[in-house]
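Structure file query-v9.txt; described as compact mmCIF, C-alpha atoms.
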```
# COMPACT_ATOMS: atom_id res chain seq x y z
CA MET U 13 108.01 105.63 122.57
CA ILE U 14 108.96 105.42 118.88
CA LYS U 15 112.10 107.44 118.09
CA ARG U 16 113.54 108.30 114.70
CA ARG U 17 117.02 106.73 114.49
CA ALA U 18 119.84 109.25 114.97
CA ASP U 19 121.23 108.63 111.46
CA ILE U 20 117.88 109.36 109.77
CA ALA U 21 117.03 113.00 109.08
CA ASP U 22 114.02 114.43 110.92
CA PRO U 23 112.78 117.37 108.80
CA GLN U 24 109.96 118.10 111.26
CA GLY U 25 112.40 118.25 114.19
CA SER U 26 114.76 120.53 112.22
CA THR U 27 111.91 122.92 111.42
CA VAL U 28 110.70 123.01 115.04
CA GLY U 29 114.31 123.63 116.14
CA ALA U 30 114.63 126.54 113.72
CA ALA U 31 111.35 128.01 115.03
CA LEU U 32 112.53 127.75 118.65
CA ARG U 33 115.82 129.48 117.77
CA ALA U 34 113.85 132.19 115.93
CA LEU U 35 111.90 132.74 119.20
CA GLY U 36 115.21 133.49 120.91
CA TYR U 37 116.04 130.09 122.39
CA GLU U 38 119.49 130.21 120.85
CA ASN U 39 120.87 127.32 122.89
CA VAL U 40 118.58 124.79 121.15
CA SER U 41 121.04 122.56 119.29
CA GLU U 42 118.73 119.76 118.16
CA VAL U 43 115.05 118.85 118.20
CA ARG U 44 113.65 115.40 117.36
CA VAL U 45 109.90 114.88 117.11
CA ASP U 46 109.11 111.39 118.43
CA LYS U 47 105.89 109.44 118.71
CA ALA U 48 104.30 108.14 121.92
CA ILE U 49 101.78 105.30 121.75
CA THR U 50 99.79 104.35 124.88
CA ILE U 51 98.48 100.77 124.96
CA THR U 52 96.15 99.39 127.66
CA LEU U 53 96.23 95.62 128.20
CA SER U 54 93.56 93.64 130.01
CA ASP U 55 95.99 91.54 132.07
CA SER U 56 98.50 92.74 134.64
CA ASP U 57 101.81 90.83 134.48
CA PRO U 58 104.32 93.64 133.77
CA ARG U 59 107.02 91.36 132.34
CA ALA U 60 104.62 89.64 129.96
CA ALA U 61 103.20 93.06 129.02
CA GLU U 62 106.62 94.42 128.18
CA ALA U 63 107.51 91.38 126.07
CA GLN U 64 104.23 91.57 124.22
CA VAL U 65 104.52 95.30 123.48
CA ARG U 66 108.11 94.83 122.29
CA GLU U 67 106.81 92.23 119.85
CA MET U 68 104.10 94.67 118.70
CA CYS U 69 106.79 97.30 118.07
CA GLU U 70 108.89 94.89 116.04
CA LYS U 71 105.92 93.72 113.95
CA LEU U 72 103.97 96.90 113.36
CA LEU U 73 104.49 99.95 115.53
CA ALA U 74 108.10 100.78 114.56
CA ASN U 75 109.92 100.47 111.24
CA PRO U 76 113.48 99.25 111.95
CA VAL U 77 114.79 101.07 108.85
CA LEU U 78 113.80 104.39 110.44
CA GLU U 79 113.02 103.98 114.10
CA ASP U 80 114.08 102.64 117.48
CA PHE U 81 111.63 102.11 120.31
CA GLU U 82 111.47 102.10 124.10
CA VAL U 83 108.81 100.35 126.16
CA VAL U 84 107.79 101.72 129.57
CA VAL U 85 105.32 99.68 131.65
CA GLU U 86 103.01 101.55 134.03
CA ARG U 87 100.50 99.89 136.35
CA MET A 26 97.67 88.48 80.43
CA THR A 27 95.73 90.53 82.98
CA VAL A 28 97.30 92.92 85.48
CA ALA A 29 95.85 92.95 89.02
CA VAL A 30 95.39 96.52 90.32
CA VAL A 31 95.05 96.26 94.11
CA VAL A 32 92.60 98.53 95.92
CA PHE A 33 93.05 99.14 99.66
CA PRO A 34 90.63 101.26 101.71
CA GLY A 35 91.98 104.76 100.89
CA THR A 36 93.60 103.90 97.55
CA ASN A 37 92.59 106.59 95.04
CA CYS A 38 94.68 106.09 91.88
CA GLU A 39 93.33 102.70 90.82
CA GLN A 40 91.15 104.13 88.02
CA ASP A 41 94.07 106.16 86.67
CA VAL A 42 96.22 103.01 86.62
CA ALA A 43 93.49 100.94 84.94
CA TYR A 44 92.95 103.73 82.39
CA GLY A 45 96.69 104.06 81.71
CA LEU A 46 97.05 100.33 81.22
CA GLY A 47 94.05 100.41 78.87
CA VAL A 48 95.64 103.18 76.77
CA ILE A 49 98.66 100.95 76.11
CA GLY A 50 96.41 97.98 75.34
CA ALA A 51 96.83 96.00 78.57
CA ASP A 52 93.94 94.30 80.36
CA SER A 53 93.57 94.90 84.08
CA GLU A 54 91.17 94.14 86.91
CA LEU A 55 90.66 95.94 90.20
CA VAL A 56 91.26 93.57 93.12
CA TRP A 57 90.06 94.32 96.68
CA HIS A 58 92.71 94.09 99.41
CA ARG A 59 90.95 91.16 101.09
CA GLU A 60 91.53 88.93 98.06
CA THR A 61 93.59 85.85 98.96
CA ASP A 62 94.24 84.39 95.49
CA LEU A 63 95.99 86.25 92.68
CA SER A 64 96.63 83.13 90.58
CA GLY A 65 96.23 83.80 86.88
CA TYR A 66 97.33 87.44 86.90
CA SER A 67 100.45 88.27 84.91
CA ALA A 68 101.55 91.22 87.09
CA VAL A 69 100.43 93.33 90.06
CA VAL A 70 100.22 97.11 90.55
CA LEU A 71 99.81 98.73 93.98
CA PRO A 72 98.45 102.19 93.06
CA GLY A 73 98.77 105.50 94.88
CA GLY A 74 96.51 106.95 97.54
CA PHE A 75 96.32 106.70 101.32
CA ALA A 76 95.90 103.00 102.10
CA HIS A 77 94.30 102.56 105.55
CA GLY A 78 94.46 106.34 105.97
CA ASP A 79 98.29 106.31 106.11
CA TYR A 80 97.83 105.79 109.86
CA LEU A 81 100.92 104.99 111.96
CA ARG A 82 103.27 105.22 108.94
CA THR A 83 102.49 105.20 105.22
CA GLY A 84 102.02 101.58 104.15
CA ALA A 85 102.47 100.16 107.67
CA ILE A 86 98.95 98.77 108.01
CA ALA A 87 98.47 97.92 104.31
CA ARG A 88 101.38 95.54 104.67
CA PHE A 89 99.11 93.28 106.77
CA SER A 90 96.17 93.32 104.34
CA PRO A 91 95.31 89.74 103.27
CA VAL A 92 96.26 90.37 99.62
CA MET A 93 99.88 91.07 100.61
CA HIS A 94 100.49 87.34 101.20
CA GLU A 95 99.78 86.79 97.52
CA VAL A 96 101.76 89.86 96.41
CA THR A 97 104.72 88.52 98.40
CA ARG A 98 104.34 85.05 96.88
CA LEU A 99 104.20 86.44 93.32
CA ALA A 100 107.20 88.68 94.04
CA ARG A 101 109.18 85.63 95.19
CA GLU A 102 108.10 83.75 92.06
CA GLY A 103 109.56 86.56 89.94
CA TYR A 104 106.34 88.17 88.67
CA PRO A 105 106.45 91.89 87.81
CA ILE A 106 105.22 93.95 90.80
CA LEU A 107 104.95 97.75 90.62
CA GLY A 108 104.19 100.09 93.51
CA ILE A 109 103.39 103.69 92.57
CA CYS A 110 103.63 106.45 95.22
CA ASN A 111 101.71 104.98 98.20
CA GLY A 112 102.24 101.55 96.57
CA PHE A 113 106.01 102.19 96.73
CA GLN A 114 105.64 102.95 100.46
CA ILE A 115 103.70 99.69 100.95
CA LEU A 116 106.41 97.65 99.16
CA CYS A 117 109.07 99.18 101.42
CA GLU A 118 107.06 98.49 104.60
CA SER A 119 106.51 94.92 103.38
CA GLY A 120 110.24 94.37 103.02
CA LEU A 121 109.83 93.61 99.30
CA LEU A 122 111.97 96.68 98.58
CA PRO A 123 114.82 98.06 100.71
CA GLY A 124 114.57 101.39 102.53
CA ALA A 125 111.66 103.58 103.55
CA LEU A 126 109.95 106.85 102.60
CA ILE A 127 109.77 109.79 104.99
CA ARG A 128 108.40 113.34 104.78
CA ASN A 129 109.76 115.58 102.05
CA ARG A 130 112.90 117.51 102.98
CA ASP A 131 111.04 120.87 102.90
CA LEU A 132 107.92 119.53 104.70
CA ARG A 133 105.77 120.53 101.75
CA PHE A 134 103.40 118.41 99.73
CA ILE A 135 104.82 118.39 96.19
CA CYS A 136 102.42 118.36 93.24
CA ARG A 137 104.16 119.20 89.97
CA PRO A 138 105.84 117.57 86.98
CA VAL A 139 109.47 116.57 87.58
CA GLU A 140 112.23 115.21 85.36
CA VAL A 141 113.69 111.78 86.02
CA ARG A 142 116.60 110.06 84.28
CA VAL A 143 116.74 106.35 83.54
CA ARG A 144 119.70 105.15 85.56
CA SER A 145 119.30 101.39 85.21
CA THR A 146 117.48 99.22 82.66
CA THR A 147 117.70 96.01 84.70
CA SER A 148 114.18 96.36 86.18
CA VAL A 149 110.82 95.38 84.67
CA LEU A 150 109.82 99.07 84.67
CA THR A 151 112.84 100.29 82.71
CA ALA A 152 113.90 97.26 80.64
CA GLY A 153 112.32 98.72 77.51
CA VAL A 154 113.75 102.25 77.88
CA GLU A 155 117.23 103.44 76.94
CA ALA A 156 119.54 104.31 79.84
CA GLY A 157 120.04 108.04 80.30
CA ARG A 158 116.69 109.03 78.79
CA VAL A 159 114.98 111.91 80.61
CA LEU A 160 111.24 111.55 81.28
CA THR A 161 108.75 114.10 82.63
CA LEU A 162 106.33 112.63 85.19
CA PRO A 163 103.98 114.19 87.76
CA LEU A 164 105.10 113.94 91.39
CA ASN A 165 102.29 114.06 93.95
CA SER A 166 103.41 113.20 97.46
CA TYR A 167 104.21 114.38 100.97
CA GLU A 168 106.17 111.32 102.06
CA GLY A 169 108.35 110.83 98.99
CA ASN A 170 111.79 111.26 100.57
CA TYR A 171 113.58 107.94 100.07
CA VAL A 172 116.03 106.76 102.74
CA ALA A 173 118.02 103.54 102.90
CA SER A 174 120.59 102.43 105.45
CA ASP A 175 122.83 100.98 102.71
CA LEU A 176 122.21 103.07 99.60
CA PRO A 177 125.10 101.67 97.50
CA SER A 178 123.41 98.24 97.64
CA VAL A 179 120.08 99.65 96.38
CA GLU A 180 119.20 99.32 92.68
CA VAL A 181 118.13 102.88 91.81
CA VAL A 182 116.37 102.71 88.43
CA LEU A 183 115.20 106.33 88.05
CA GLU A 184 116.75 109.43 89.56
CA TYR A 185 115.42 112.98 89.82
CA CYS A 186 117.31 115.31 87.48
CA GLY A 187 117.27 118.61 85.59
CA PRO A 188 116.02 119.06 82.01
CA ASP A 189 119.31 117.78 80.58
CA GLY A 190 119.59 114.82 82.89
CA GLU A 191 121.94 116.48 85.38
CA THR A 192 121.56 115.33 89.01
CA SER A 193 122.13 117.66 91.96
CA GLU A 194 120.46 118.57 95.25
CA ARG A 195 118.80 121.47 93.38
CA HIS A 196 117.05 118.98 91.10
CA ASN A 197 116.15 116.63 93.96
CA PRO A 198 112.61 117.78 94.85
CA ASN A 199 112.08 115.89 98.10
CA GLY A 200 115.54 115.13 99.50
CA SER A 201 115.62 111.46 98.48
CA MET A 202 118.96 109.75 99.07
CA GLY A 203 120.82 109.36 95.78
CA SER A 204 118.04 111.43 94.13
CA SER A 205 116.15 108.12 93.96
CA ALA A 206 112.77 108.38 92.20
CA ALA A 207 112.35 104.63 91.62
CA VAL A 208 114.14 101.60 93.08
CA ALA A 209 114.04 97.87 92.37
CA ASN A 210 114.90 94.71 94.22
CA SER A 211 118.08 92.90 93.15
CA ARG A 212 116.15 90.61 90.82
CA GLY A 213 114.53 93.62 89.13
CA ASN A 214 110.97 92.25 89.21
CA VAL A 215 109.73 94.42 92.11
CA VAL A 216 109.86 98.17 91.51
CA GLY A 217 108.66 101.17 93.49
CA ILE A 218 108.28 104.58 91.83
CA MET A 219 107.32 107.85 93.55
CA PRO A 220 106.11 109.92 90.52
CA HIS A 221 103.01 108.76 88.62
CA PRO A 222 103.66 107.21 85.17
CA GLU A 223 99.94 106.45 84.79
CA ARG A 224 99.15 110.18 84.83
CA ALA A 225 101.63 110.86 82.01
CA ILE A 226 99.98 108.64 79.47
CA GLU A 227 98.69 111.04 76.79
CA THR A 228 100.09 114.35 75.52
CA VAL A 229 96.81 116.06 76.46
CA LEU A 230 97.76 115.36 80.09
CA GLY A 231 101.02 117.28 79.68
CA SER A 232 103.27 114.29 79.09
CA ALA A 233 103.06 110.83 77.58
CA ASP A 234 106.43 109.79 79.02
CA GLY A 235 104.84 107.30 81.41
CA ARG A 236 103.87 105.07 78.52
CA VAL A 237 107.33 103.63 77.90
CA LEU A 238 107.52 102.65 81.57
CA LEU A 239 104.11 100.97 81.70
CA GLU A 240 104.77 99.29 78.32
CA SER A 241 108.02 97.91 79.67
CA PHE A 242 106.25 96.70 82.83
CA VAL A 243 103.38 94.90 81.08
CA GLY A 244 105.78 93.55 78.44
CA SER A 245 107.88 91.86 81.13
CA THR A 246 107.33 88.24 82.05
CA ALA A 247 108.10 86.47 85.31
CA ARG A 248 111.83 86.29 86.09
CA ASP A 249 113.75 83.28 87.39
```
Conversion result in C-alpha cells:
Amino acid sequence: MIKRRADIADPQGSTVGAALRALGYENVSEVRVDKAITITLSDSDPRAAEAQVREMCEKLLANPVLEDFEVVVER
Amino acid sequence: MTVAVVVFPGTNCEQDVAYGLGVIGADSELVWHRETDLSGYSAVVLPGGFAHGDYLRTGAIARFSPVMHEVTRLAREGYPILGICNGFQILCESGLLPGALIRNRDLRFICRPVEVRVRSTTSVLTAGVEAGRVLTLPLNSYEGNYVASDLPSVEVVLEYCGPDGETSERHNPNGSMGSSAAVANSRGNVVGIMPHPERAIETVLGSADGRVLLESFVGSTARD
C-alpha cells in the first residue's frame, strides 16, 4: 500500500471528500486516495518476501518525497 | 557543441526542442534512452511527453532508463542539464533536483500561456536573463504542481506571476509551492522547468520569450 504522506496535499482525495459531503455524508472529514500494488513472488518465505518488497518500494514503487508505504504479506 | 535531446518511449516534444534549438543556432541530436555514452555532448535536454507512459508516477520508470546513468554523470561533472515538463519530473524522480511534481491543485489539465518571472539568475537557464523579467510561456501539464519538503532550501529560478510580475495564489495556475515554475540544483547546472520554452520560440507561435532561456542554456559551459 502506497500512501501519500500526511503533509503532502492530495487534491484527488479532497475532491472525492467534497463529493461525498455533497451526497449528504456530512461527517466525512478527510479522504485520501492511496494506491495498492499486488505482487506475486515465486518463492514462499514470508520474511524474505517482505524484505524484498520493502526494497522494491524504496527503489521504485514509492517516492519518499511524497509517499510512505506499508507491506502486507499474504500466503 | 552539440546538445543531446533524449527520447524515451512516450516522449513527444523532442522535435519541438530540436527545432527550437535550431532556431537559436544550436546543433542538437536526438538520443534514444538506451544510449550508454553521452561523451562529446555539450549539454542534455530531457523533453516533455509521457516517458514510459507515466506509469506508476511521472518519471519513476524513466529514471531507470540506461541513459540516466550518463545524465547523472554529466550532471555531477557540472554540464548543463535541462528537463522540460515531463523531463522536469524525471529529474526530480532521479534525485538530480529536489522535490516532486503532483497533480494540479484543481485536478485539471492546464494548456494555456502563463506568465513567469525570473527570480534567480544563478542557473544555466536564467544566467543570460535579467532578474525580474516577466516571460510568457505555454504551460501544458496535468502533474505540474511542485512540492518540496524543504522549500526554503530550493533554488527557485522562475515563478508563476501576473502580467506585472506580481506573485499570488491567483496567479499560481497549478498550486506549486512557492509558485515555482522552474527550479535548479544548488550548483545551478541542472534545471527543471514546467512550461515549454521551446514552444515560445517565434512570435508567430504567440511568444518568442523562450528564446532567451534556451540561448542562456546553450551558452552555458560546464560548471566546477
Item to complete: Up to 10 Å from chain A, what residues of chain U turn up? Count only C-alpha atoms and give them as a list of chain:residue names.
Response: U:Asp19, U:Ile20, U:Ala21, U:Asp22, U:Pro23, U:Gln24, U:Ser26, U:Thr27, U:Lys47, U:Ile49, U:Lys71, U:Leu72, U:Leu73, U:Ala74, U:Asn75, U:Pro76, U:Val77, U:Leu78
Discussion item. What does the structure give for the distance between atom CA of Ala48 of chain U and atom CA of Ile14 of chain U, in Å to one decimal?
Written reply: 6.2 Å
Worksheet entry | Among the residues A:Ser148, A:Asn197, A:Gln114, A:Thr161, the one that comes closest to Ile135 of chain A [using only C-alpha atoms] |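 The closest residue to Ile135 of chain A is A:Asn197.
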Worksheet item: Interatomic distance between atom CA of Thr83 of chain A and atom CA of Thr97 of chain A?
Response: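 Spanning atom CA of Thr83 of chain A to atom CA of Thr97 of chain A is a straight-line distance of 18.2 Å.
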Worksheet item: From the list A:Glu240, A:Asp52, A:Glu227, A:Asp249, which residue is nearest Gly153 of chain A when using all atoms listed in the file?
Response: A:Glu240
Discussion item. Need the shell around Ala225 of chain A: protein/DNA/RNA residues with any atom at most 8 Å away, counting all atoms listed in the file. Skip same-chain ones fewer than 5 positions apart. Format as a count of residues only?
Written reply: 10
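As for atom CA of Val83 of chain U and atom CA of Ala63 of chain U, they are spaced 9.1 Å apart.
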Residue contacts of segment 155-157 of chain A (6 Å, only C-alpha atoms) excluding same-chain residues fewer than 2 positions away, as a CSV table (one decimal) with C-alpha atoms, in the coordinates of the input:
```
chain,number,residue,atom,x,y,z
A,142,ARG,CA,116.6,110.1,84.3
A,143,VAL,CA,116.7,106.4,83.5
A,144,ARG,CA,119.7,105.2,85.6
```
Give me the residues within 6 Å of Tyr104 of chain A as a short mmCIF file (atom, residue, chain, number, x, y, z; two decimals) with C-alpha atoms, in the coordinates of the input, counting only C-alpha atoms and dropping any in the same chain fewer than 2 places off.
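Final output, saved to around_11.cif:
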```cif
data_model
loop_
_atom_site.label_atom_id
_atom_site.label_comp_id
_atom_site.auth_asym_id
_atom_site.auth_seq_id
_atom_site.Cartn_x
_atom_site.Cartn_y
_atom_site.Cartn_z
CA ALA A 68 101.55 91.22 87.09
CA LEU A 99 104.20 86.44 93.32
CA ALA A 100 107.20 88.68 94.04
CA GLU A 102 108.10 83.75 92.06
CA ALA A 247 108.10 86.47 85.31
#
```
Item to complete: Determine, counting only C-alpha atoms, which protein, DNA and RNA residues have an atom within 10 Å of an atom of Glu42 of chain U; residues of the same chain fewer than 5 positions away are not included. Present the result as an MDAnalysis selection string.
Response: chainID U and resid 25:26 28:30
Fill in: Near-Arg133 of chain A list (10 Å; only C-alpha atoms; drop same-chain fewer than 6 positions) as a list of chain:residue names
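What passes the distance filter is A:Ser166, A:Tyr167, A:Glu168, A:Asn199.
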Discussion item. Could you check the closest approach to Lys15 of chain U for each of U:Cys69, U:Asp57, U:Thr52, U:Asn39 and tell me which residue wins, using only C-alpha atoms?
Written reply: U:Cys69
Worksheet item: Taking only C-alpha atoms into account, which of A:Val92, A:Val208, A:Leu55, A:Val182 comes nearest Gly108 of chain A?
Response: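 Residue with the minimum atom-to-atom distance to Gly108 of chain A: A:Val208.
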Worksheet entry | Which of U:Arg87, U:Arg59, U:Arg33, U:Arg16 sits closest to Asp46 of chain U [using all atoms listed in the file] |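 Counting all atoms listed in the file, the residue closest to Asp46 of chain U is U:Arg16.
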Subset file as a short mmCIF file (atom, residue, chain, number, x, y, z; two decimals), in the first residue's frame: segment 55-66 of chain U, N, CA and C atoms:
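Once written, decode.cif looks like this:
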```
data_model
loop_
_atom_site.label_atom_id
_atom_site.label_comp_id
_atom_site.auth_asym_id
_atom_site.auth_seq_id
_atom_site.Cartn_x
_atom_site.Cartn_y
_atom_site.Cartn_z
N ASP U 55 8.66 -17.58 -4.79
CA ASP U 55 9.09 -18.37 -3.63
C ASP U 55 8.20 -18.04 -2.43
N SER U 56 8.40 -18.72 -1.30
CA SER U 56 7.35 -18.66 -0.28
C SER U 56 7.83 -18.28 1.12
N ASP U 57 9.06 -17.80 1.28
CA ASP U 57 9.49 -17.39 2.62
C ASP U 57 8.93 -15.99 2.91
N PRO U 58 7.98 -15.89 3.86
CA PRO U 58 7.30 -14.60 4.07
C PRO U 58 8.25 -13.48 4.52
N ARG U 59 9.26 -13.83 5.34
CA ARG U 59 10.16 -12.77 5.81
C ARG U 59 11.03 -12.24 4.69
N ALA U 60 11.53 -13.16 3.86
CA ALA U 60 12.34 -12.74 2.71
C ALA U 60 11.48 -11.93 1.74
N ALA U 61 10.20 -12.37 1.58
CA ALA U 61 9.30 -11.66 0.66
C ALA U 61 9.08 -10.23 1.15
N GLU U 62 8.85 -10.09 2.44
CA GLU U 62 8.60 -8.73 2.96
C GLU U 62 9.81 -7.84 2.76
N ALA U 63 11.00 -8.39 3.06
CA ALA U 63 12.23 -7.59 2.90
C ALA U 63 12.43 -7.17 1.45
N GLN U 64 12.15 -8.12 0.56
CA GLN U 64 12.35 -7.82 -0.85
C GLN U 64 11.38 -6.76 -1.34
N VAL U 65 10.11 -6.87 -0.92
CA VAL U 65 9.11 -5.90 -1.38
C VAL U 65 9.39 -4.52 -0.77
N ARG U 66 9.89 -4.50 0.47
CA ARG U 66 10.27 -3.20 1.06
C ARG U 66 11.36 -2.55 0.21
#
```
